[in-house]
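S.K.: One file is attached below, work.cif, containing mmCIF, C-alpha atoms and all ligand atoms.
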```
data_entry
loop_
_atom_site.group_PDB
_atom_site.id
_atom_site.type_symbol
_atom_site.label_atom_id
_atom_site.label_comp_id
_atom_site.auth_asym_id
_atom_site.auth_seq_id
_atom_site.Cartn_x
_atom_site.Cartn_y
_atom_site.Cartn_z
ATOM 1 C CA MET X 5 -24.667 23.827 41.952
ATOM 2 C CA LYS X 6 -23.022 23.985 38.568
ATOM 3 C CA THR X 7 -23.962 20.360 37.896
ATOM 4 C CA LEU X 8 -27.570 21.036 38.810
ATOM 5 C CA LEU X 9 -27.742 24.041 36.504
ATOM 6 C CA THR X 10 -26.223 22.046 33.666
ATOM 7 C CA LEU X 11 -28.771 19.311 34.207
ATOM 8 C CA ILE X 12 -31.671 21.755 34.206
ATOM 9 C CA CYS X 13 -30.299 23.343 31.035
ATOM 10 C CA CYS X 14 -29.979 20.027 29.263
ATOM 11 C CA ALA X 15 -33.467 19.011 30.313
ATOM 12 C CA ALA X 16 -34.866 22.243 28.920
ATOM 13 C CA ILE X 17 -33.052 21.820 25.620
ATOM 14 C CA THR X 18 -34.060 18.181 25.270
ATOM 15 C CA GLN X 19 -37.682 19.042 25.963
ATOM 16 C CA GLY X 20 -37.450 21.914 23.492
ATOM 17 C CA ALA X 21 -36.227 19.623 20.732
ATOM 18 C CA HIS X 22 -39.278 17.389 21.081
ATOM 19 C CA ALA X 23 -41.888 19.986 21.988
ATOM 20 C CA GLN X 24 -42.073 21.251 18.443
ATOM 21 C CA ILE X 25 -45.698 22.252 18.496
ATOM 22 C CA ASP X 26 -47.499 23.968 21.365
ATOM 23 C CA SER X 27 -49.773 21.114 22.442
ATOM 24 C CA SER X 28 -52.105 23.166 24.607
ATOM 25 C CA GLN X 29 -52.741 25.713 21.839
ATOM 26 C CA LEU X 30 -53.223 22.830 19.390
ATOM 27 C CA LEU X 31 -55.995 21.339 21.533
ATOM 28 C CA LYS X 32 -57.506 24.721 22.305
ATOM 29 C CA ASP X 33 -57.864 25.457 18.576
ATOM 30 C CA VAL X 34 -59.676 22.174 17.899
ATOM 31 C CA GLU X 35 -61.915 22.637 20.920
ATOM 32 C CA THR X 36 -62.798 26.208 19.948
ATOM 33 C CA LEU X 37 -63.426 25.478 16.260
ATOM 34 C CA SER X 38 -65.717 22.557 17.150
ATOM 35 C CA THR X 39 -67.893 24.356 19.700
ATOM 36 C CA ASP X 40 -71.609 24.761 18.951
ATOM 37 C CA LYS X 41 -71.087 28.520 18.504
ATOM 38 C CA PHE X 42 -69.689 27.844 15.027
ATOM 39 C CA GLU X 43 -72.755 25.777 14.048
ATOM 40 C CA GLY X 44 -70.783 23.194 12.111
ATOM 41 C CA ARG X 45 -68.989 25.865 9.988
ATOM 42 C CA GLN X 46 -71.025 25.279 6.841
ATOM 43 C CA THR X 47 -69.903 27.478 3.932
ATOM 44 C CA GLY X 48 -72.049 30.616 3.696
ATOM 45 C CA SER X 49 -73.420 30.287 7.255
ATOM 46 C CA LYS X 50 -73.065 32.656 10.188
ATOM 47 C CA GLY X 51 -71.135 29.985 12.086
ATOM 48 C CA ASN X 52 -68.637 29.679 9.222
ATOM 49 C CA ARG X 53 -68.151 33.471 9.265
ATOM 50 C CA LEU X 54 -67.570 33.427 13.026
ATOM 51 C CA ALA X 55 -64.977 30.680 12.517
ATOM 52 C CA GLN X 56 -63.244 32.959 9.993
ATOM 53 C CA PHE X 57 -62.956 35.725 12.613
ATOM 54 C CA TYR X 58 -61.418 33.276 15.070
ATOM 55 C CA LEU X 59 -58.977 32.029 12.429
ATOM 56 C CA LEU X 60 -57.947 35.516 11.291
ATOM 57 C CA ASP X 61 -56.906 36.274 14.855
ATOM 58 C CA ARG X 62 -55.057 32.957 15.109
ATOM 59 C CA PHE X 63 -53.271 33.516 11.759
ATOM 60 C CA LYS X 64 -51.910 36.818 13.104
ATOM 61 C CA LYS X 65 -50.886 35.338 16.451
ATOM 62 C CA ALA X 66 -49.133 32.405 14.747
ATOM 63 C CA GLY X 67 -46.939 34.891 12.859
ATOM 64 C CA ILE X 68 -48.461 34.270 9.414
ATOM 65 C CA LYS X 69 -48.174 37.337 7.181
ATOM 66 C CA PRO X 70 -50.979 38.532 4.884
ATOM 67 C CA ILE X 71 -50.478 38.273 1.110
ATOM 68 C CA SER X 72 -50.881 41.615 -0.722
ATOM 69 C CA GLY X 73 -52.365 43.070 2.456
ATOM 70 C CA THR X 74 -55.061 40.464 3.054
ATOM 71 C CA TYR X 75 -55.695 37.043 4.545
ATOM 72 C CA GLU X 76 -58.991 36.609 2.708
ATOM 73 C CA GLN X 77 -59.777 35.221 -0.732
ATOM 74 C CA PRO X 78 -63.516 35.406 -1.400
ATOM 75 C CA PHE X 79 -64.911 33.274 -4.227
ATOM 76 C CA TYR X 80 -68.248 32.213 -5.670
ATOM 77 C CA PHE X 81 -69.465 28.879 -6.906
ATOM 78 C CA THR X 82 -72.739 27.423 -8.120
ATOM 79 C CA ARG X 83 -74.219 24.066 -7.186
ATOM 80 C CA GLY X 84 -77.536 23.297 -8.828
ATOM 81 C CA ASP X 85 -79.374 26.640 -8.761
ATOM 82 C CA VAL X 86 -77.650 27.899 -5.653
ATOM 83 C CA ARG X 87 -74.853 30.450 -5.842
ATOM 84 C CA THR X 88 -72.733 30.519 -2.710
ATOM 85 C CA MET X 89 -69.883 32.678 -1.526
ATOM 86 C CA GLY X 90 -66.931 31.029 0.165
ATOM 87 C CA THR X 91 -63.838 32.572 1.725
ATOM 88 C CA ASN X 92 -60.388 31.027 1.777
ATOM 89 C CA LEU X 93 -58.001 32.306 4.420
ATOM 90 C CA TYR X 94 -54.306 32.319 3.671
ATOM 91 C CA GLY X 95 -50.984 33.935 4.414
ATOM 92 C CA TYR X 96 -47.300 33.115 4.353
ATOM 93 C CA ILE X 97 -44.072 32.653 6.251
ATOM 94 C CA PRO X 98 -41.269 34.052 4.091
ATOM 95 C CA GLY X 99 -38.486 31.723 3.013
ATOM 96 C CA LYS X 100 -35.041 32.269 1.572
ATOM 97 C CA THR X 101 -36.364 31.425 -1.909
ATOM 98 C CA ASP X 102 -39.604 32.096 -3.767
ATOM 99 C CA SER X 103 -40.282 28.365 -4.219
ATOM 100 C CA VAL X 104 -43.510 27.691 -2.373
ATOM 101 C CA ILE X 105 -44.936 24.806 -0.364
ATOM 102 C CA VAL X 106 -48.676 25.224 0.254
ATOM 103 C CA ILE X 107 -49.745 23.757 3.606
ATOM 104 C CA SER X 108 -53.511 23.443 3.705
ATOM 105 C CA ALA X 109 -56.527 22.231 5.648
ATOM 106 C CA HIS X 110 -60.216 22.942 5.093
ATOM 107 C CA TYR X 111 -62.036 24.731 7.914
ATOM 108 C CA ASP X 112 -65.608 24.318 6.671
ATOM 109 C CA HIS X 113 -67.807 21.414 7.697
ATOM 110 C CA ILE X 114 -71.389 20.310 7.042
ATOM 111 C CA GLY X 115 -73.341 22.554 9.407
ATOM 112 C CA VAL X 116 -76.596 21.690 11.141
ATOM 113 C CA ASN X 117 -78.880 18.766 10.403
ATOM 114 C CA GLY X 118 -81.973 20.222 8.699
ATOM 115 C CA ALA X 119 -84.368 17.967 10.626
ATOM 116 C CA GLY X 120 -83.221 19.652 13.819
ATOM 117 C CA ASN X 121 -85.236 17.364 16.059
ATOM 118 C CA SER X 122 -82.466 15.172 17.389
ATOM 119 C CA ALA X 123 -80.820 15.927 20.719
ATOM 120 C CA ASP X 124 -77.675 17.146 18.975
ATOM 121 C CA SER X 125 -78.199 18.537 15.491
ATOM 122 C CA ILE X 126 -74.887 20.392 15.151
ATOM 123 C CA PHE X 127 -72.173 18.627 13.172
ATOM 124 C CA ASN X 128 -69.145 20.052 14.966
ATOM 125 C CA GLY X 129 -66.485 18.513 12.737
ATOM 126 C CA ALA X 130 -63.765 18.231 15.383
ATOM 127 C CA ASP X 131 -61.695 15.658 13.519
ATOM 128 C CA ASP X 132 -63.098 16.782 10.136
ATOM 129 C CA ASN X 133 -61.400 19.189 9.962
ATOM 130 C CA ALA X 134 -60.851 21.428 12.964
ATOM 131 C CA SER X 135 -57.938 19.072 13.619
ATOM 132 C CA GLY X 136 -56.148 19.801 10.337
ATOM 133 C CA VAL X 137 -56.591 23.557 10.736
ATOM 134 C CA ALA X 138 -55.258 23.485 14.306
ATOM 135 C CA ALA X 139 -52.253 21.450 13.125
ATOM 136 C CA ILE X 140 -51.315 23.867 10.339
ATOM 137 C CA LEU X 141 -51.563 26.788 12.799
ATOM 138 C CA GLY X 142 -49.216 24.943 15.162
ATOM 139 C CA MET X 143 -46.794 24.311 12.294
ATOM 140 C CA ALA X 144 -46.958 27.957 11.209
ATOM 141 C CA ALA X 145 -46.073 29.129 14.729
ATOM 142 C CA TRP X 146 -43.051 26.810 14.663
ATOM 143 C CA PHE X 147 -41.840 28.031 11.257
ATOM 144 C CA ALA X 148 -42.347 31.670 12.277
ATOM 145 C CA LYS X 149 -39.643 31.017 14.901
ATOM 146 C CA HIS X 150 -37.484 28.731 12.702
ATOM 147 C CA PRO X 151 -37.454 30.436 9.287
ATOM 148 C CA PRO X 152 -37.812 27.989 6.394
ATOM 149 C CA ARG X 153 -35.908 27.864 3.112
ATOM 150 C CA HIS X 154 -39.048 27.577 0.976
ATOM 151 C CA THR X 155 -41.730 30.207 1.304
ATOM 152 C CA LEU X 156 -44.613 28.510 3.104
ATOM 153 C CA ILE X 157 -48.195 29.464 2.297
ATOM 154 C CA PHE X 158 -50.667 28.389 4.975
ATOM 155 C CA ALA X 159 -54.194 28.045 3.596
ATOM 156 C CA ALA X 160 -57.429 27.314 5.437
ATOM 157 C CA PHE X 161 -59.761 26.401 2.578
ATOM 158 C CA ASP X 162 -63.515 26.903 2.601
ATOM 159 C CA ALA X 163 -66.168 24.762 0.852
ATOM 160 C CA GLU X 164 -64.188 21.522 0.715
ATOM 161 C CA GLU X 165 -67.368 19.733 1.761
ATOM 162 C CA MET X 166 -69.129 21.229 -1.299
ATOM 163 C CA GLY X 167 -66.702 19.747 -3.805
ATOM 164 C CA LEU X 168 -63.218 21.099 -3.048
ATOM 165 C CA GLN X 169 -64.427 24.569 -4.115
ATOM 166 C CA GLY X 170 -61.946 26.559 -2.014
ATOM 167 C CA ALA X 171 -58.912 24.707 -3.356
ATOM 168 C CA LYS X 172 -60.317 25.063 -6.882
ATOM 169 C CA ALA X 173 -60.671 28.840 -6.432
ATOM 170 C CA PHE X 174 -57.169 29.067 -4.952
ATOM 171 C CA LEU X 175 -55.665 27.314 -7.981
ATOM 172 C CA GLU X 176 -57.710 29.395 -10.430
ATOM 173 C CA ARG X 177 -56.485 32.609 -8.793
ATOM 174 C CA PRO X 178 -53.276 31.642 -7.020
ATOM 175 C CA PRO X 179 -51.534 34.350 -4.957
ATOM 176 C CA VAL X 180 -48.222 33.287 -6.550
ATOM 177 C CA PRO X 181 -47.588 31.825 -10.033
ATOM 178 C CA LEU X 182 -48.461 28.089 -10.076
ATOM 179 C CA THR X 183 -44.987 27.346 -11.430
ATOM 180 C CA LYS X 184 -43.565 28.487 -8.075
ATOM 181 C CA ILE X 185 -45.618 25.945 -6.080
ATOM 182 C CA VAL X 186 -43.454 22.849 -5.641
ATOM 183 C CA ALA X 187 -45.774 20.861 -3.355
ATOM 184 C CA ASN X 188 -49.026 20.771 -1.415
ATOM 185 C CA ILE X 189 -49.230 19.289 2.055
ATOM 186 C CA ASN X 190 -52.904 18.824 2.893
ATOM 187 C CA LEU X 191 -54.318 17.725 6.254
ATOM 188 C CA ASP X 192 -57.879 16.458 6.636
ATOM 189 C CA MET X 193 -58.809 14.410 9.742
ATOM 190 C CA VAL X 194 -55.626 13.884 11.733
ATOM 191 C CA SER X 195 -56.745 13.648 15.372
ATOM 192 C CA ARG X 196 -57.897 10.107 16.097
ATOM 193 C CA ASN X 197 -57.252 6.515 15.181
ATOM 194 C CA ASP X 198 -57.615 3.439 17.384
ATOM 195 C CA LYS X 199 -54.564 1.817 15.746
ATOM 196 C CA LYS X 200 -52.440 4.997 15.965
ATOM 197 C CA GLU X 201 -52.162 5.035 12.165
ATOM 198 C CA LEU X 202 -51.779 8.143 10.056
ATOM 199 C CA TYR X 203 -51.680 7.876 6.276
ATOM 200 C CA ALA X 204 -49.439 9.880 3.985
ATOM 201 C CA CYS X 205 -51.252 9.485 0.671
ATOM 202 C CA GLY X 206 -49.709 10.521 -2.645
ATOM 203 C CA THR X 207 -46.360 8.751 -2.920
ATOM 204 C CA SER X 208 -47.570 6.386 -5.632
ATOM 205 C CA HIS X 209 -48.145 9.475 -7.831
ATOM 206 C CA TYR X 210 -45.025 11.283 -6.608
ATOM 207 C CA PRO X 211 -42.461 8.632 -5.609
ATOM 208 C CA GLN X 212 -39.816 11.336 -5.199
ATOM 209 C CA LEU X 213 -41.527 12.205 -1.910
ATOM 210 C CA LYS X 214 -41.310 8.679 -0.502
ATOM 211 C CA PRO X 215 -37.845 9.018 1.149
ATOM 212 C CA VAL X 216 -39.060 12.002 3.142
ATOM 213 C CA ILE X 217 -42.084 10.047 4.400
ATOM 214 C CA GLN X 218 -39.880 7.077 5.292
ATOM 215 C CA ALA X 219 -37.451 9.291 7.220
ATOM 216 C CA ALA X 220 -40.286 10.952 9.154
ATOM 217 C CA ALA X 221 -41.919 7.557 9.809
ATOM 218 C CA ALA X 222 -38.698 6.269 11.369
ATOM 219 C CA LYS X 223 -38.768 9.093 13.934
ATOM 220 C CA SER X 224 -42.531 9.208 14.508
ATOM 221 C CA LYS X 225 -44.198 7.945 17.687
ATOM 222 C CA ILE X 226 -47.271 6.929 15.645
ATOM 223 C CA LYS X 227 -47.526 4.661 12.601
ATOM 224 C CA LEU X 228 -47.016 6.726 9.463
ATOM 225 C CA LEU X 229 -48.162 4.650 6.497
ATOM 226 C CA THR X 230 -48.337 5.242 2.749
ATOM 227 C CA GLY X 231 -51.209 4.121 0.529
ATOM 228 C CA HIS X 232 -54.799 4.968 -0.411
ATOM 229 C CA ASP X 233 -53.570 6.524 -3.638
ATOM 230 C CA ARG X 234 -53.777 3.882 -6.367
ATOM 231 C CA THR X 235 -56.546 3.195 -8.875
ATOM 232 C CA GLU X 236 -56.896 -0.342 -7.509
ATOM 233 C CA ASP X 237 -57.773 1.118 -4.077
ATOM 234 C CA GLY X 238 -61.178 1.926 -5.612
ATOM 235 C CA SER X 239 -63.357 3.924 -3.184
ATOM 236 C CA GLN X 240 -60.404 3.896 -0.776
ATOM 237 C CA ASN X 241 -58.271 5.806 -3.258
ATOM 238 C CA TRP X 242 -58.169 9.200 -1.518
ATOM 239 C CA THR X 243 -56.284 11.056 -4.292
ATOM 240 C CA ASN X 244 -59.237 13.296 -5.146
ATOM 241 C CA GLN X 245 -61.188 13.061 -1.894
ATOM 242 C CA SER X 246 -59.897 16.251 -0.284
ATOM 243 C CA ASP X 247 -58.340 19.523 -1.438
ATOM 244 C CA GLN X 248 -55.076 17.912 -2.586
ATOM 245 C CA GLY X 249 -57.048 16.584 -5.578
ATOM 246 C CA MET X 250 -57.144 20.072 -7.105
ATOM 247 C CA PHE X 251 -53.347 20.421 -6.792
ATOM 248 C CA HIS X 252 -52.905 16.965 -8.326
ATOM 249 C CA LYS X 253 -55.021 18.050 -11.332
ATOM 250 C CA LYS X 254 -52.430 20.796 -11.905
ATOM 251 C CA ASN X 255 -49.612 18.224 -11.595
ATOM 252 C CA ILE X 256 -48.424 19.768 -8.330
ATOM 253 C CA PRO X 257 -46.965 17.025 -6.109
ATOM 254 C CA PHE X 258 -48.938 16.473 -2.928
ATOM 255 C CA ILE X 259 -48.972 14.514 0.276
ATOM 256 C CA TYR X 260 -52.334 14.219 1.955
ATOM 257 C CA PHE X 261 -52.337 13.314 5.659
ATOM 258 C CA GLY X 262 -55.419 11.708 7.158
ATOM 259 C CA VAL X 263 -56.844 8.789 9.094
ATOM 260 C CA GLU X 264 -59.224 6.080 7.947
ATOM 261 C CA ASP X 265 -62.919 6.811 8.531
ATOM 262 C CA HIS X 266 -64.233 6.294 12.066
ATOM 263 C CA PRO X 267 -67.816 5.746 13.293
ATOM 264 C CA ASP X 268 -68.280 9.495 13.927
ATOM 265 C CA TYR X 269 -67.272 10.500 10.387
ATOM 266 C CA HIS X 270 -69.808 13.068 9.064
ATOM 267 C CA LYS X 271 -71.953 12.591 12.156
ATOM 268 C CA ALA X 272 -72.986 15.043 14.893
ATOM 269 C CA SER X 273 -70.821 12.957 17.225
ATOM 270 C CA ASP X 274 -67.552 14.109 15.577
ATOM 271 C CA GLU X 275 -66.901 16.085 18.752
ATOM 272 C CA PHE X 276 -63.843 17.398 20.561
ATOM 273 C CA SER X 277 -64.349 14.824 23.338
ATOM 274 C CA ARG X 278 -63.807 11.991 20.810
ATOM 275 C CA ILE X 279 -60.403 13.068 19.553
ATOM 276 C CA HIS X 280 -57.238 11.368 20.865
ATOM 277 C CA PRO X 281 -55.053 14.219 22.179
ATOM 278 C CA SER X 282 -51.812 12.264 22.309
ATOM 279 C CA PHE X 283 -52.222 10.768 18.807
ATOM 280 C CA PHE X 284 -53.220 14.182 17.471
ATOM 281 C CA TYR X 285 -50.166 15.885 18.947
ATOM 282 C CA GLN X 286 -47.864 13.207 17.520
ATOM 283 C CA ALA X 287 -49.607 13.436 14.134
ATOM 284 C CA ALA X 288 -49.059 17.211 14.012
ATOM 285 C CA CYS X 289 -45.378 16.789 14.973
ATOM 286 C CA THR X 290 -44.963 14.073 12.331
ATOM 287 C CA VAL X 291 -46.351 16.299 9.575
ATOM 288 C CA LEU X 292 -44.121 19.120 10.810
ATOM 289 C CA GLU X 293 -41.152 16.757 10.485
ATOM 290 C CA VAL X 294 -42.158 15.898 6.897
ATOM 291 C CA VAL X 295 -42.273 19.577 5.971
ATOM 292 C CA ARG X 296 -38.932 20.213 7.681
ATOM 293 C CA LEU X 297 -37.352 17.404 5.667
ATOM 294 C CA MET X 298 -38.930 18.629 2.420
ATOM 295 C CA ASP X 299 -37.644 22.113 3.190
ATOM 296 C CA LYS X 300 -34.011 20.987 3.387
HETATM 297 ZN ZN ZN H 401 -62.664 16.825 5.590
#
```
In structure tokens, write the structure found in this file.
Ligand SMILES: [Zn+2]
M.R.:
Amino acid sequence: MKTLLTLICCAAITQGAHAQIDSSQLLKDVETLSTDKFEGRQTGSKGNRLAQFYLLDRFKKAGIKPISGTYEQPFYFTRGDVRTMGTNLYGYIPGKTDSVIVISAHYDHIGVNGAGNSADSIFNGADDNASGVAAILGMAAWFAKHPPRHTLIFAAFDAEEMGLQGAKAFLERPPVPLTKIVANINLDMVSRNDKKELYACGTSHYPQLKPVIQAAAAKSKIKLLTGHDRTEDGSQNWTNQSDQGMFHKKNIPFIYFGVEDHPDYHKASDEFSRIHPSFFYQAACTVLEVVRLMDK
């Protein structure tokens, strides 16, 4: 009997060590955020606002604390003649120091196709970027139970699709002094790749982060690659192609995690049914491992 109990105990501990992120909650968050109810989450739309309500509830349940009593950072921006309001959502997990790592993912997407006459006119944005948001929520829940050394700010940015406006607003009015932010970890499209490849972009700008990526890659069950961050990569240089670009402009070291474009990129077919659950789970765990190593 004792042997059996010991075995069960060991099995539970072993499973616990690997099951770092709650996989069912991870998938549920992507599925929910990419349902038609949220109408493609375009900044300023009703669907985007409904997504905010869902995320506010999830922030609380993940154990993320509000900053100065709020999770919301409203901001305005102008494109052409149109003035639009966006809303970043953020909060923190306290660390032992006031050095901050900002872990971010944009929750907005591109809404509904104006023509509206195709069978499916809603751009659900499951991979882009319900996946990144779900992953940072999963990471937050883990760190709420395993307190970090750095203070971790979790940010779901709005209006990325309109020119990285949410990240820009965050850096113009940061909730902590910019000098306290030591790194940005940004996730944008992390849930599918036929070759099981996830890119960690940014090490050519910030080579000091390369050892951490290499150590996480050695443990990862997917292929964690570096690249897409040099001038000679041309249009495949992703340095400024998602919110990390705004951190880079302030000389804040970043790692951006994402996959190469797939046929459903910025199409109505970027649906929950097209994501690769196993790859996605491993991608989220791999990014969690990177943050854990950076936090040491
Ligand atoms: Zn995106």
S.K.: Using the chain letters and numbering of this document, enumerate as a PyMOL selection string the residues selected by the PyMOL selection byres (((chain X and resi 115) around 8) and not hetatm).
M.R.: chain X and resi 43-46+113-114+116-117+126-128
S.K.: Mind telling me what the PyMOL selection byres (((chain X and resi 278-288) around 8) and not hetatm) catches here, as a PyMOL selection string?
M.R.: chain X and resi 25+27+30-31+130-131+135+139-140+142-143+194-197+200+202+224-226+273-277+289-292
S.K.: Could you tell me how far atom CA of X:Ala145 sits from atom CA of X:His270, in Å to one decimal place?
M.R.: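 Separation between atom CA of X:His270 and atom CA of X:Ala145: 29.2 Å.
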S.K.: What is the distance, in Å and to one decimal place, between atom CA of X:Thr235 and atom CA of X:Pro215?
M.R.: 22.0 Å
S.K.: With the cut-off set at 7 Å and counting only C-alpha atoms and all ligand atoms, tabulate each residue of chain X with an atom at most that distance from an atom of ligand ZN 401 (chain H), showing the nearest atom pair and its distance in Å to one decimal, ordered by chain and increasing number, as CSV.
M.R.:
```
residue,atom,partner,partner_atom,distance
X:His110,CA,H:ZN401,ZN,6.6
X:Asp132,CA,H:ZN401,ZN,4.6
X:Asn133,CA,H:ZN401,ZN,5.1
X:Glu164,CA,H:ZN401,ZN,6.9
X:Glu165,CA,H:ZN401,ZN,6.7
X:Asp192,CA,H:ZN401,ZN,4.9
X:Met193,CA,H:ZN401,ZN,6.2
X:Ser246,CA,H:ZN401,ZN,6.5
```
S.K.: Expand the PyMOL selection byres (((chain X and resi 167-171) around 10) and not hetatm) into the explicit residue set it covers here, and present it as a PyMOL selection string.
M.R.: chain X and resi 47+77-83+90-93+108-110+112+159-166+172-178+244-251
S.K.: Using all atoms listed in the file, which residue out of X:Tyr111, X:Leu229, X:Gly67, X:Ala220 lies closest to X:Ala134?
M.R.: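 Comparing X:Tyr111, X:Leu229, X:Gly67, X:Ala220 against X:Ala134, the winner is X:Tyr111.
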S.K.: Given only C-alpha atoms as the basis, pick out the residue of X:Asn255, X:Ser239, X:Asn52, X:Asn188 nearest to X:Asp40.
M.R.: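 Closest to X:Asp40, using only C-alpha atoms: X:Asn52.
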S.K.: Quick check, in Å to one decimal: how far apart do atom CA of X:Ile185 and atom CA of X:Leu59 lie?
M.R.: 23.6 Å
S.K.: When distances are computed from all atoms listed in the file, which of X:Lys50, X:Lys253, X:His150, X:Lys214 shows the smallest separation from X:Ile97?
M.R.: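 Looking at the shortest contact to X:Ile97, the residue is X:His150.
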S.K.: Between X:Arg87, X:Lys41, X:Arg153, X:Lys271, which residue has the minimum interatomic distance to X:Asp124, considering all atoms listed in the file?
M.R.: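 Checking each of X:Arg87, X:Lys41, X:Arg153, X:Lys271 against X:Asp124, counting all atoms listed in the file, the winner is X:Lys271.
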S.K.: I'd like the contact shell of X:Tyr75 - 8 Å cut-off, all atoms listed in the file, skipping same-chain residues fewer than 6 positions apart - returned as a list in words.
M.R.: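 So, after excluding close chain neighbours, the residues are Leu60, Lys69, Leu93, Tyr94 and Gly95 of chain X.
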S.K.: For X:Val180, which residue out of X:Ala219, X:Ile71, X:Ile107, X:Val137 is the nearest one, using all atoms listed in the file?
M.R.: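 Ranking X:Ala219, X:Ile71, X:Ile107, X:Val137 by distance to X:Val180, first place goes to X:Ile71.
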